[in-house]
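For reference, model37.txt (compact mmCIF, C-alpha atoms and all ligand atoms):
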```txt
# COMPACT_ATOMS: atom_id res chain seq x y z
CA MET A 6 4.30 -18.34 15.30
CA ASP A 7 0.93 -20.05 15.09
CA LEU A 8 -0.83 -19.19 11.84
CA LYS A 9 -3.95 -21.01 13.06
CA GLN A 10 -4.47 -18.11 15.46
CA LEU A 11 -4.40 -15.63 12.58
CA LYS A 12 -6.78 -17.82 10.57
CA GLU A 13 -9.30 -17.58 13.40
CA MET A 14 -8.94 -13.81 13.59
CA ILE A 15 -9.67 -12.87 9.96
CA THR A 16 -12.32 -13.79 7.41
CA GLY A 17 -9.96 -13.66 4.41
CA ASN A 18 -7.85 -16.50 2.98
CA ILE A 19 -4.46 -17.58 4.30
CA MET A 20 -2.33 -19.97 2.27
CA GLU A 21 0.71 -21.26 4.12
CA ASN A 22 3.97 -21.83 2.22
CA GLU A 23 2.24 -20.72 -0.94
CA PRO A 24 4.45 -20.80 -4.07
CA MET A 25 4.67 -17.33 -5.60
CA VAL A 26 4.76 -19.05 -9.02
CA ASN A 27 0.96 -18.91 -8.66
CA HIS A 28 0.84 -15.17 -8.04
CA THR A 29 3.20 -13.58 -10.54
CA SER A 30 2.75 -12.95 -14.25
CA TYR A 31 6.27 -14.38 -14.69
CA GLY A 32 5.16 -17.70 -13.17
CA ILE A 33 8.36 -17.60 -11.15
CA GLY A 34 9.05 -17.56 -7.41
CA GLY A 35 9.46 -19.77 -4.37
CA PRO A 36 7.03 -19.96 -1.43
CA ALA A 37 5.94 -17.11 0.80
CA LEU A 38 5.60 -17.86 4.51
CA ALA A 39 1.93 -17.12 3.90
CA PHE A 40 -0.05 -15.61 1.02
CA ILE A 41 -2.97 -13.67 2.46
CA GLU A 42 -6.10 -12.31 0.80
CA PRO A 43 -7.76 -10.04 3.39
CA ASN A 44 -11.48 -9.47 3.05
CA SER A 45 -11.60 -6.02 4.60
CA ILE A 46 -9.57 -3.17 6.05
CA LYS A 47 -10.16 -4.75 9.47
CA ASP A 48 -8.56 -8.01 8.24
CA LEU A 49 -5.59 -6.03 6.92
CA GLN A 50 -5.13 -4.26 10.25
CA ILE A 51 -5.22 -7.59 12.10
CA VAL A 52 -2.68 -9.13 9.70
CA LYS A 53 -0.36 -6.15 10.14
CA SER A 54 -0.48 -6.19 13.92
CA PHE A 55 -0.12 -10.01 14.08
CA ALA A 56 2.91 -9.76 11.78
CA GLU A 57 4.42 -6.98 13.85
CA LYS A 58 4.02 -8.98 17.08
CA ASN A 59 5.70 -11.96 15.41
CA LYS A 60 8.37 -9.80 13.71
CA VAL A 61 7.35 -10.99 10.25
CA PRO A 62 7.59 -8.53 7.35
CA VAL A 63 4.46 -7.85 5.28
CA TYR A 64 4.63 -7.17 1.53
CA CYS A 65 1.58 -5.97 -0.35
CA ILE A 66 1.28 -6.90 -4.00
CA GLY A 67 -1.46 -6.65 -6.63
CA SER A 68 -1.43 -9.15 -9.51
CA GLY A 69 2.35 -9.60 -9.43
CA SER A 70 2.63 -8.35 -13.02
CA ASN A 71 5.67 -6.19 -12.31
CA LEU A 72 7.29 -8.54 -9.89
CA LEU A 73 10.24 -10.95 -9.85
CA VAL A 74 10.25 -13.21 -6.78
CA SER A 75 13.37 -15.18 -5.85
CA ASP A 76 13.52 -18.95 -6.23
CA LYS A 77 14.01 -19.22 -2.46
CA GLY A 78 10.73 -17.41 -1.88
CA VAL A 79 9.74 -14.75 0.61
CA ASN A 80 10.40 -14.93 4.32
CA GLY A 81 7.30 -12.91 5.14
CA PHE A 82 3.59 -12.48 4.56
CA VAL A 83 2.56 -11.54 1.04
CA VAL A 84 -0.79 -9.77 1.04
CA SER A 85 -2.86 -9.17 -2.08
CA LEU A 86 -6.02 -7.07 -2.34
CA GLU A 87 -6.87 -8.47 -5.77
CA GLU A 88 -9.63 -10.84 -4.58
CA SER A 89 -11.78 -8.62 -2.39
CA PHE A 90 -10.98 -4.92 -2.81
CA LYS A 91 -12.92 -4.66 -6.08
CA ASN A 92 -15.53 -1.95 -5.71
CA ILE A 93 -15.98 0.77 -8.38
CA SER A 94 -18.46 3.63 -8.19
CA PHE A 95 -19.13 6.83 -10.12
CA ASP A 96 -20.43 10.26 -9.20
CA GLU A 97 -20.75 12.34 -12.39
CA ASN A 98 -17.13 12.69 -13.65
CA LYS A 99 -15.62 11.22 -10.50
CA CYS A 100 -14.58 7.58 -10.35
CA HIS A 101 -13.86 5.89 -7.04
CA ALA A 102 -12.14 2.50 -7.20
CA ALA A 103 -10.65 0.03 -4.72
CA ALA A 104 -6.98 -0.91 -5.00
CA GLY A 105 -7.64 -4.51 -6.06
CA VAL A 106 -9.64 -3.51 -9.16
CA LYS A 107 -7.98 -4.69 -12.36
CA LEU A 108 -6.88 -1.78 -14.53
CA SER A 109 -8.58 -3.31 -17.57
CA ARG A 110 -11.91 -3.47 -15.69
CA LEU A 111 -11.50 0.11 -14.51
CA VAL A 112 -11.06 1.23 -18.12
CA LYS A 113 -14.13 -0.74 -19.26
CA GLU A 114 -16.32 0.72 -16.50
CA CYS A 115 -15.14 4.26 -17.33
CA ILE A 116 -15.99 3.71 -20.99
CA LYS A 117 -19.51 2.62 -20.02
CA GLN A 118 -19.90 5.98 -18.25
CA ASN A 119 -18.55 7.88 -21.32
CA LEU A 120 -15.55 8.97 -19.25
CA THR A 121 -12.24 9.52 -21.00
CA GLY A 122 -8.70 9.63 -19.59
CA LEU A 123 -7.66 6.12 -18.65
CA GLU A 124 -8.46 4.20 -21.85
CA THR A 125 -4.91 4.08 -23.27
CA LEU A 126 -3.90 2.10 -20.17
CA ILE A 127 -6.18 -0.76 -21.28
CA GLY A 128 -3.54 -3.44 -21.89
CA ILE A 129 -1.53 -2.89 -18.72
CA PRO A 130 -2.05 -5.98 -16.58
CA GLY A 131 -2.46 -5.72 -12.83
CA THR A 132 -4.41 -3.84 -10.22
CA LEU A 133 -5.03 -0.19 -9.48
CA GLY A 134 -2.84 -0.40 -6.33
CA GLY A 135 0.14 -1.70 -8.30
CA ALA A 136 -0.46 0.84 -11.06
CA LEU A 137 -0.39 3.73 -8.56
CA ILE A 138 2.80 2.56 -6.86
CA MET A 139 4.48 2.15 -10.26
CA ASN A 140 2.79 5.18 -11.82
CA ALA A 141 1.99 2.81 -14.66
CA GLY A 142 1.61 4.36 -18.06
CA ALA A 143 1.44 3.81 -21.77
CA PHE A 144 1.36 5.85 -24.96
CA GLY A 145 2.10 9.16 -23.23
CA ASN A 146 -0.48 8.73 -20.46
CA GLU A 147 0.05 7.82 -16.80
CA ILE A 148 -2.38 6.60 -14.13
CA SER A 149 -1.53 9.62 -11.91
CA ASN A 150 -2.69 12.14 -14.54
CA TYR A 151 -6.34 12.02 -13.46
CA LEU A 152 -5.85 11.08 -9.79
CA THR A 153 -7.40 13.40 -7.18
CA SER A 154 -6.96 11.47 -3.92
CA ILE A 155 -6.14 8.11 -2.39
CA GLU A 156 -6.75 6.29 0.87
CA LEU A 157 -4.02 4.13 2.35
CA LEU A 158 -3.28 2.09 5.44
CA ASN A 159 -0.09 3.50 6.95
CA ASP A 160 2.68 1.68 8.83
CA LYS A 161 0.79 2.23 12.11
CA GLY A 162 -2.28 0.47 10.70
CA VAL A 163 -4.24 3.74 10.45
CA VAL A 164 -6.30 4.72 7.38
CA GLU A 165 -5.07 8.03 5.90
CA LYS A 166 -6.54 10.09 3.08
CA LYS A 167 -4.10 11.98 0.86
CA SER A 168 -4.70 14.33 -2.01
CA ALA A 169 -2.88 13.52 -5.23
CA ASN A 170 -0.55 16.49 -4.88
CA GLU A 171 0.84 15.12 -1.59
CA ILE A 172 2.43 12.30 -3.60
CA LYS A 173 5.10 12.93 -6.22
CA PHE A 174 4.65 10.84 -9.33
CA GLN A 175 7.42 10.50 -11.87
CA TYR A 176 8.18 8.12 -14.71
CA ARG A 177 7.37 4.66 -13.24
CA SER A 178 7.76 5.83 -9.66
CA SER A 179 5.87 7.39 -6.78
CA THR A 180 6.74 8.61 -3.30
CA PHE A 181 4.43 6.35 -1.28
CA LYS A 182 6.19 5.05 1.83
CA LYS A 183 7.55 1.50 1.86
CA ASP A 184 4.86 0.15 4.19
CA ASP A 185 1.88 2.10 2.83
CA ILE A 186 -0.92 -0.13 1.57
CA ILE A 187 -3.09 1.66 -0.97
CA LEU A 188 -6.76 0.96 -0.32
CA ASN A 189 -8.61 3.02 -2.92
CA ALA A 190 -8.32 6.02 -5.20
CA GLU A 191 -10.46 8.70 -6.78
CA PHE A 192 -10.12 10.08 -10.31
CA GLN A 193 -11.61 13.14 -11.98
CA LEU A 194 -12.23 12.29 -15.62
CA ASP A 195 -13.73 14.07 -18.62
CA LYS A 196 -16.91 13.29 -20.51
CA SER A 197 -16.48 12.34 -24.14
CA SER A 198 -18.28 10.36 -26.80
CA GLN A 199 -18.04 6.61 -26.41
CA SER A 200 -16.89 6.11 -29.99
CA LYS A 201 -13.93 8.48 -29.49
CA ILE A 202 -12.92 6.74 -26.27
CA ILE A 203 -13.18 3.33 -27.88
CA LYS A 204 -11.05 4.53 -30.82
CA ASN A 205 -8.30 5.65 -28.39
CA ARG A 206 -8.53 2.33 -26.56
CA ASP A 207 -8.37 0.26 -29.72
CA GLU A 208 -5.35 2.19 -31.05
CA ALA A 209 -3.51 1.57 -27.79
CA ASN A 210 -4.46 -2.11 -27.88
CA PHE A 211 -3.32 -2.46 -31.48
CA ASN A 212 0.05 -0.82 -30.80
CA ARG A 213 0.63 -2.99 -27.75
CA LYS A 214 -0.19 -6.23 -29.58
CA ASN A 215 2.24 -5.30 -32.34
CA THR A 216 5.14 -4.40 -30.10
CA GLN A 217 5.01 -6.76 -27.11
CA PRO A 218 5.65 -10.52 -26.80
CA LEU A 219 2.24 -11.22 -25.28
CA LYS A 220 2.31 -14.97 -26.00
CA TYR A 221 4.83 -15.51 -23.21
CA ARG A 222 4.86 -14.83 -19.51
CA SER A 223 6.79 -11.74 -18.47
CA ALA A 224 6.67 -8.78 -16.13
CA GLY A 225 6.63 -6.19 -18.91
CA SER A 226 9.62 -3.90 -19.39
CA VAL A 227 12.51 -4.95 -17.18
CA PHE A 228 14.37 -1.60 -17.25
CA LYS A 229 13.24 2.01 -17.16
CA ASN A 230 14.06 4.02 -20.25
CA PRO A 231 17.15 6.10 -19.49
CA GLU A 232 16.84 9.85 -20.16
CA GLY A 233 16.61 10.38 -23.92
CA PHE A 234 16.78 6.69 -24.91
CA SER A 235 14.61 3.63 -25.16
CA ALA A 236 16.07 0.76 -23.09
CA GLY A 237 14.70 -1.73 -25.64
CA TYR A 238 16.48 0.04 -28.51
CA LEU A 239 19.82 0.03 -26.65
CA ILE A 240 19.52 -3.67 -25.79
CA ASP A 241 18.57 -4.48 -29.37
CA GLN A 242 21.49 -2.42 -30.77
CA ALA A 243 23.84 -4.25 -28.41
CA GLY A 244 22.86 -7.48 -30.20
CA LEU A 245 21.25 -9.10 -27.17
CA LYS A 246 17.84 -10.02 -28.62
CA GLY A 247 17.25 -13.76 -28.33
CA LYS A 248 19.97 -14.35 -25.72
CA SER A 249 18.85 -16.89 -23.14
CA ILE A 250 19.84 -18.36 -19.81
CA GLY A 251 17.83 -21.48 -19.03
CA ASP A 252 14.28 -20.68 -20.08
CA ALA A 253 14.64 -16.92 -19.57
CA VAL A 254 15.00 -15.20 -22.95
CA ILE A 255 15.53 -11.60 -24.09
CA SER A 256 12.52 -11.22 -26.36
CA ASP A 257 12.99 -11.02 -30.14
CA ILE A 258 9.93 -8.77 -30.33
CA HIS A 259 10.77 -6.25 -27.58
CA ALA A 260 14.31 -6.36 -26.21
CA ASN A 261 13.30 -4.77 -22.90
CA PHE A 262 11.16 -7.84 -22.11
CA ILE A 263 12.76 -10.91 -20.57
CA ILE A 264 10.24 -13.66 -21.21
CA ASN A 265 9.72 -16.99 -19.46
CA ARG A 266 9.80 -19.52 -22.32
CA GLU A 267 8.49 -22.26 -20.02
CA ASN A 268 10.26 -23.08 -16.78
CA ALA A 269 12.56 -20.11 -16.19
CA LYS A 270 13.96 -19.61 -12.71
CA ALA A 271 14.43 -16.26 -11.02
CA ASP A 272 18.19 -16.91 -11.09
CA ASP A 273 18.06 -17.17 -14.90
CA VAL A 274 16.36 -13.77 -15.10
CA VAL A 275 18.88 -12.29 -12.64
CA GLN A 276 21.77 -13.51 -14.81
CA LEU A 277 20.24 -11.95 -17.93
CA VAL A 278 19.66 -8.69 -16.05
CA LYS A 279 23.38 -8.64 -15.16
CA ILE A 280 24.46 -9.42 -18.73
CA ILE A 281 22.26 -6.66 -20.14
CA ARG A 282 23.44 -4.09 -17.61
CA ASP A 283 27.15 -4.93 -18.07
CA THR A 284 26.83 -4.80 -21.86
CA ILE A 285 24.95 -1.49 -21.93
CA LEU A 286 27.36 0.06 -19.44
CA LYS A 287 30.39 -1.00 -21.50
CA LYS A 288 28.91 -0.02 -24.86
CA TYR A 289 27.06 3.21 -23.98
CA SER A 290 28.27 4.17 -20.47
CA ILE A 291 24.61 4.08 -19.38
CA VAL A 292 23.44 2.44 -16.15
CA LEU A 293 20.06 0.80 -16.70
CA GLU A 294 17.72 1.10 -13.73
CA LEU A 295 15.28 -1.74 -12.97
CA GLU A 296 11.60 -1.08 -13.65
CA ILE A 297 10.44 -4.43 -12.28
CA THR A 298 10.15 -4.79 -8.51
CA THR A 299 11.85 -7.67 -6.75
CA LEU A 300 11.06 -9.69 -3.65
CA GLY A 301 13.02 -12.22 -1.58
CA PHE A 302 16.52 -11.59 -2.96
CA LEU A 303 19.69 -11.03 -0.95
CA LYS A 304 20.66 -7.39 -0.52
CA GLY A 305 22.92 -6.28 -3.35
CA THR A 306 21.63 -8.85 -5.89
CA PHE A 307 20.48 -6.06 -8.20
CA ASP A 308 23.12 -3.45 -7.44
CA ALA A 309 24.30 -1.90 -10.69
C1 LIG B 401 2.72 -8.02 -20.70
C2 LIG B 401 2.93 -6.87 -19.77
C3 LIG B 401 2.82 -5.58 -20.24
C4 LIG B 401 3.03 -4.48 -19.40
N1 LIG B 401 2.91 -3.23 -19.91
C5 LIG B 401 3.08 -2.16 -19.09
C6 LIG B 401 2.94 -0.83 -19.61
O1 LIG B 401 2.63 -0.61 -20.76
N2 LIG B 401 3.11 0.20 -18.75
C7 LIG B 401 3.42 0.01 -17.43
O2 LIG B 401 3.58 0.99 -16.68
N3 LIG B 401 3.57 -1.25 -16.92
C8 LIG B 401 3.40 -2.33 -17.71
N4 LIG B 401 3.54 -3.59 -17.20
C9 LIG B 401 3.96 -3.78 -15.80
C10 LIG B 401 2.80 -3.96 -14.78
O3 LIG B 401 1.67 -4.52 -15.41
C11 LIG B 401 2.42 -2.63 -14.12
O4 LIG B 401 3.51 -2.10 -13.41
C12 LIG B 401 1.23 -2.81 -13.17
O5 LIG B 401 0.74 -1.53 -12.84
C13 LIG B 401 1.57 -3.57 -11.89
O6 LIG B 401 0.35 -3.85 -11.20
P1 LIG B 401 0.24 -5.13 -10.23
O7 LIG B 401 -1.07 -5.05 -9.52
O8 LIG B 401 0.50 -6.37 -10.98
O9 LIG B 401 1.41 -4.81 -9.21
P2 LIG B 401 2.47 -5.84 -8.62
O10 LIG B 401 3.39 -6.29 -9.69
O11 LIG B 401 1.78 -6.86 -7.81
O12 LIG B 401 3.25 -4.86 -7.64
C14 LIG B 401 4.01 -3.79 -8.16
C15 LIG B 401 4.48 -2.91 -6.99
O13 LIG B 401 3.35 -2.31 -6.38
C16 LIG B 401 3.26 -2.66 -4.99
N5 LIG B 401 1.81 -2.78 -4.70
C17 LIG B 401 0.86 -3.43 -5.43
N6 LIG B 401 -0.36 -3.21 -4.90
C18 LIG B 401 -0.18 -2.40 -3.82
C19 LIG B 401 -1.07 -1.80 -2.86
N7 LIG B 401 -2.40 -1.98 -2.89
N8 LIG B 401 -0.52 -1.03 -1.89
C20 LIG B 401 0.83 -0.83 -1.83
N9 LIG B 401 1.71 -1.37 -2.70
C21 LIG B 401 1.21 -2.14 -3.68
C22 LIG B 401 4.06 -3.94 -4.85
O14 LIG B 401 4.57 -4.09 -3.56
C23 LIG B 401 5.17 -3.70 -5.88
O15 LIG B 401 6.16 -2.88 -5.32
C24 LIG B 401 3.35 -4.71 -18.03
C25 LIG B 401 3.44 -6.02 -17.54
C26 LIG B 401 3.22 -7.09 -18.39
C27 LIG B 401 3.30 -8.50 -17.84
```
Please express what this file holds, its structure, as structure tokens.
Amino acid sequence: MDLKQLKEMITGNIMENEPMVNHTSYGIGGPALAFIEPNSIKDLQIVKSFAEKNKVPVYCIGSGSNLLVSDKGVNGFVVSLEESFKNISFDENKCHAAAGVKLSRLVKECIKQNLTGLETLIGIPGTLGGALIMNAGAFGNEISNYLTSIELLNDKGVVEKKSANEIKFQYRSSTFKKDDIILNAEFQLDKSSQSKIIKNRDEANFNRKNTQPLKYRSAGSVFKNPEGFSAGYLIDQAGLKGKSIGDAVISDIHANFIINRENAKADDVVQLVKIIRDTILKKYSIVLELEITTLGFLKGTFDA
């Protein structure tokens, strides 16, 4: 495969053998065959068809803030829309935003328009695309609550528009197809007074700062909360706070966060994930399901 050819075909950036350490909030991960920042839908379509011809898988990510990448890296193209899919526009109570828009910026722009709905999501790192795939949420609110429609590039490289009710959103999950690349989304929000919206935002910010280990790199909560329980509470009660493997540590502040103290490896995080799961299964007969997404690991690495 000649990546020079692809470089001549698109206007976006292509970084060969790019370490994923540079593209994940964990600061962990070996090299991707290529890390690609397409400039347009056309670029994306070209990348997809080039990859298909060369039998190379394509993975779309946002800011990598919910992502653990293996130390061996990714045998495929990693595409991120974070650099160029950044447009936001408003039409009365409607907000239209591209998938690479940072969630924090989306919230700020909505506040400027006196639009309420998304402000409690303020501290969630990452892009709109990642938030929609994960159905990101905080303090009882989820990104899908105000969604009306999305546009995506499907596995055939064709742009499709879907209304929100064609996708099922549940707690930290959605039914987008594996190869769908979300391009943009539209939200219907409500008008409110700016001071009320800012109060909601500040409360959410305050609660987050008091409950999360934000001084260290992480990918947020590692496990989903099992029905009726908080994963962090169970891990804490099992006495696992502070346990470490290499530089990966179960946070003292929030036991559902595995933080990177400095130079943690993906394998360190994987070992802690196994320890937590085994302990919680033995103690409570509960299987903890991963919330973080993973890339580049051998099949079965995360089987419970
Ligand atoms: C300190 C910290 C706090 C956090 N707090 C919260 C919280 O309160 N609530 C919460 O829900 N999450 C939280 N998270 C997790 C994370 O920020 C969210 O899941 C976020 O929405 C992920 O966005 P991202 O752009 O970084 O996605 P990534 O991590 O890059 O990707 C996540 C998933 O989405 C897919 N994806 C990304 N963009 C696209 C696209 N355009 N098209 C198709 N697929 C795509 C990826 O393939 C991957 O499967 C936290 C993380 C950190 C580090």
Margin query: as number ranges by chain, please: the residues near Lys248 in chain A (cut-off 10 Å, only C-alpha atoms, same-chain neighbours under 4 positions excluded).
Written below: A: 244, 253-257, 260, 263, 277, 280-281
Per residue of range 165-202 of chain A within 9 Å of range 94-102 of chain A, which atom pair is closest and at what distance in Å (one decimal), using all atoms listed in the file, listed by chain and increasing number, as JSON lines?
```
{"residue": "A:Leu188", "atom": "CA", "partner": "A:Ala102", "partner_atom": "CA", "distance": 8.9}
{"residue": "A:Asn189", "atom": "CA", "partner": "A:Ala102", "partner_atom": "CA", "distance": 5.6}
{"residue": "A:Ala190", "atom": "CA", "partner": "A:Ala102", "partner_atom": "CA", "distance": 5.6}
{"residue": "A:Glu191", "atom": "CA", "partner": "A:His101", "partner_atom": "CA", "distance": 4.4}
{"residue": "A:Phe192", "atom": "CA", "partner": "A:Cys100", "partner_atom": "CA", "distance": 5.1}
{"residue": "A:Gln193", "atom": "CA", "partner": "A:Lys99", "partner_atom": "CA", "distance": 4.7}
{"residue": "A:Leu194", "atom": "CA", "partner": "A:Asn98", "partner_atom": "CA", "distance": 5.3}
{"residue": "A:Asp195", "atom": "CA", "partner": "A:Asn98", "partner_atom": "CA", "distance": 6.2}
{"residue": "A:Lys196", "atom": "CA", "partner": "A:Asn98", "partner_atom": "CA", "distance": 6.9}
```
Let me see if you get this right: every residue at most 7 Å from ligand LIG 401 (chain B), counting only C-alpha atoms and all ligand atoms, written as an mmCIF file with C-alpha atoms, in the frame of the given file.
```
data_model
loop_
_atom_site.group_PDB
_atom_site.id
_atom_site.type_symbol
_atom_site.label_atom_id
_atom_site.label_comp_id
_atom_site.auth_asym_id
_atom_site.auth_seq_id
_atom_site.Cartn_x
_atom_site.Cartn_y
_atom_site.Cartn_z
ATOM 1 C CA SER A 30 2.750 -12.950 -14.250
ATOM 2 C CA TYR A 64 4.630 -7.170 1.530
ATOM 3 C CA CYS A 65 1.580 -5.970 -0.350
ATOM 4 C CA ILE A 66 1.280 -6.900 -4.000
ATOM 5 C CA GLY A 67 -1.460 -6.650 -6.630
ATOM 6 C CA SER A 68 -1.430 -9.150 -9.510
ATOM 7 C CA GLY A 69 2.350 -9.600 -9.430
ATOM 8 C CA SER A 70 2.630 -8.350 -13.020
ATOM 9 C CA ASN A 71 5.670 -6.190 -12.310
ATOM 10 C CA LEU A 72 7.290 -8.540 -9.890
ATOM 11 C CA LEU A 86 -6.020 -7.070 -2.340
ATOM 12 C CA ALA A 104 -6.980 -0.910 -5.000
ATOM 13 C CA GLY A 105 -7.640 -4.510 -6.060
ATOM 14 C CA GLY A 128 -3.540 -3.440 -21.890
ATOM 15 C CA ILE A 129 -1.530 -2.890 -18.720
ATOM 16 C CA PRO A 130 -2.050 -5.980 -16.580
ATOM 17 C CA GLY A 131 -2.460 -5.720 -12.830
ATOM 18 C CA THR A 132 -4.410 -3.840 -10.220
ATOM 19 C CA LEU A 133 -5.030 -0.190 -9.480
ATOM 20 C CA GLY A 134 -2.840 -0.400 -6.330
ATOM 21 C CA GLY A 135 0.140 -1.700 -8.300
ATOM 22 C CA ALA A 136 -0.460 0.840 -11.060
ATOM 23 C CA LEU A 137 -0.390 3.730 -8.560
ATOM 24 C CA ILE A 138 2.800 2.560 -6.860
ATOM 25 C CA MET A 139 4.480 2.150 -10.260
ATOM 26 C CA ASN A 140 2.790 5.180 -11.820
ATOM 27 C CA ALA A 141 1.990 2.810 -14.660
ATOM 28 C CA GLY A 142 1.610 4.360 -18.060
ATOM 29 C CA ALA A 143 1.440 3.810 -21.770
ATOM 30 C CA ARG A 177 7.370 4.660 -13.240
ATOM 31 C CA ASP A 185 1.880 2.100 2.830
ATOM 32 C CA ILE A 186 -0.920 -0.130 1.570
ATOM 33 C CA ILE A 187 -3.090 1.660 -0.970
ATOM 34 C CA LEU A 188 -6.760 0.960 -0.320
ATOM 35 C CA GLN A 217 5.010 -6.760 -27.110
ATOM 36 C CA LEU A 219 2.240 -11.220 -25.280
ATOM 37 C CA ARG A 222 4.860 -14.830 -19.510
ATOM 38 C CA SER A 223 6.790 -11.740 -18.470
ATOM 39 C CA ALA A 224 6.670 -8.780 -16.130
ATOM 40 C CA GLY A 225 6.630 -6.190 -18.910
ATOM 41 C CA SER A 226 9.620 -3.900 -19.390
ATOM 42 C CA THR A 298 10.150 -4.790 -8.510
#
```
Margin query: What's the separation between CA of Lys204 in chain A and CA of Gln175 in chain A, in Å to one decimal place?
Written below: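 Answer for the CA of Lys204 in chain A to CA of Gln175 in chain A separation: 27.1 Å.
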Margin query: Report, in Å to a single decimal, how far apart CA of Ser75 in chain A and CA of Gly251 in chain A are.
Written below: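 One can read the CA of Gly251 in chain A to CA of Ser75 in chain A distance as 15.3 Å.
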Margin query: I want to know what sits within 12 Å of Thr284 in chain A, based on all atoms listed in the file, with residues of the same chain fewer than 4 positions away left out; could you give that as number ranges by chain?
Written below: A: 239-245, 277-280, 288-293, 309
Checklist line | Coordinates-based distance that separates CA of Ala103 in chain A from CA of Leu126 in chain A (Å, one decimal) | finding: 17.0 Å
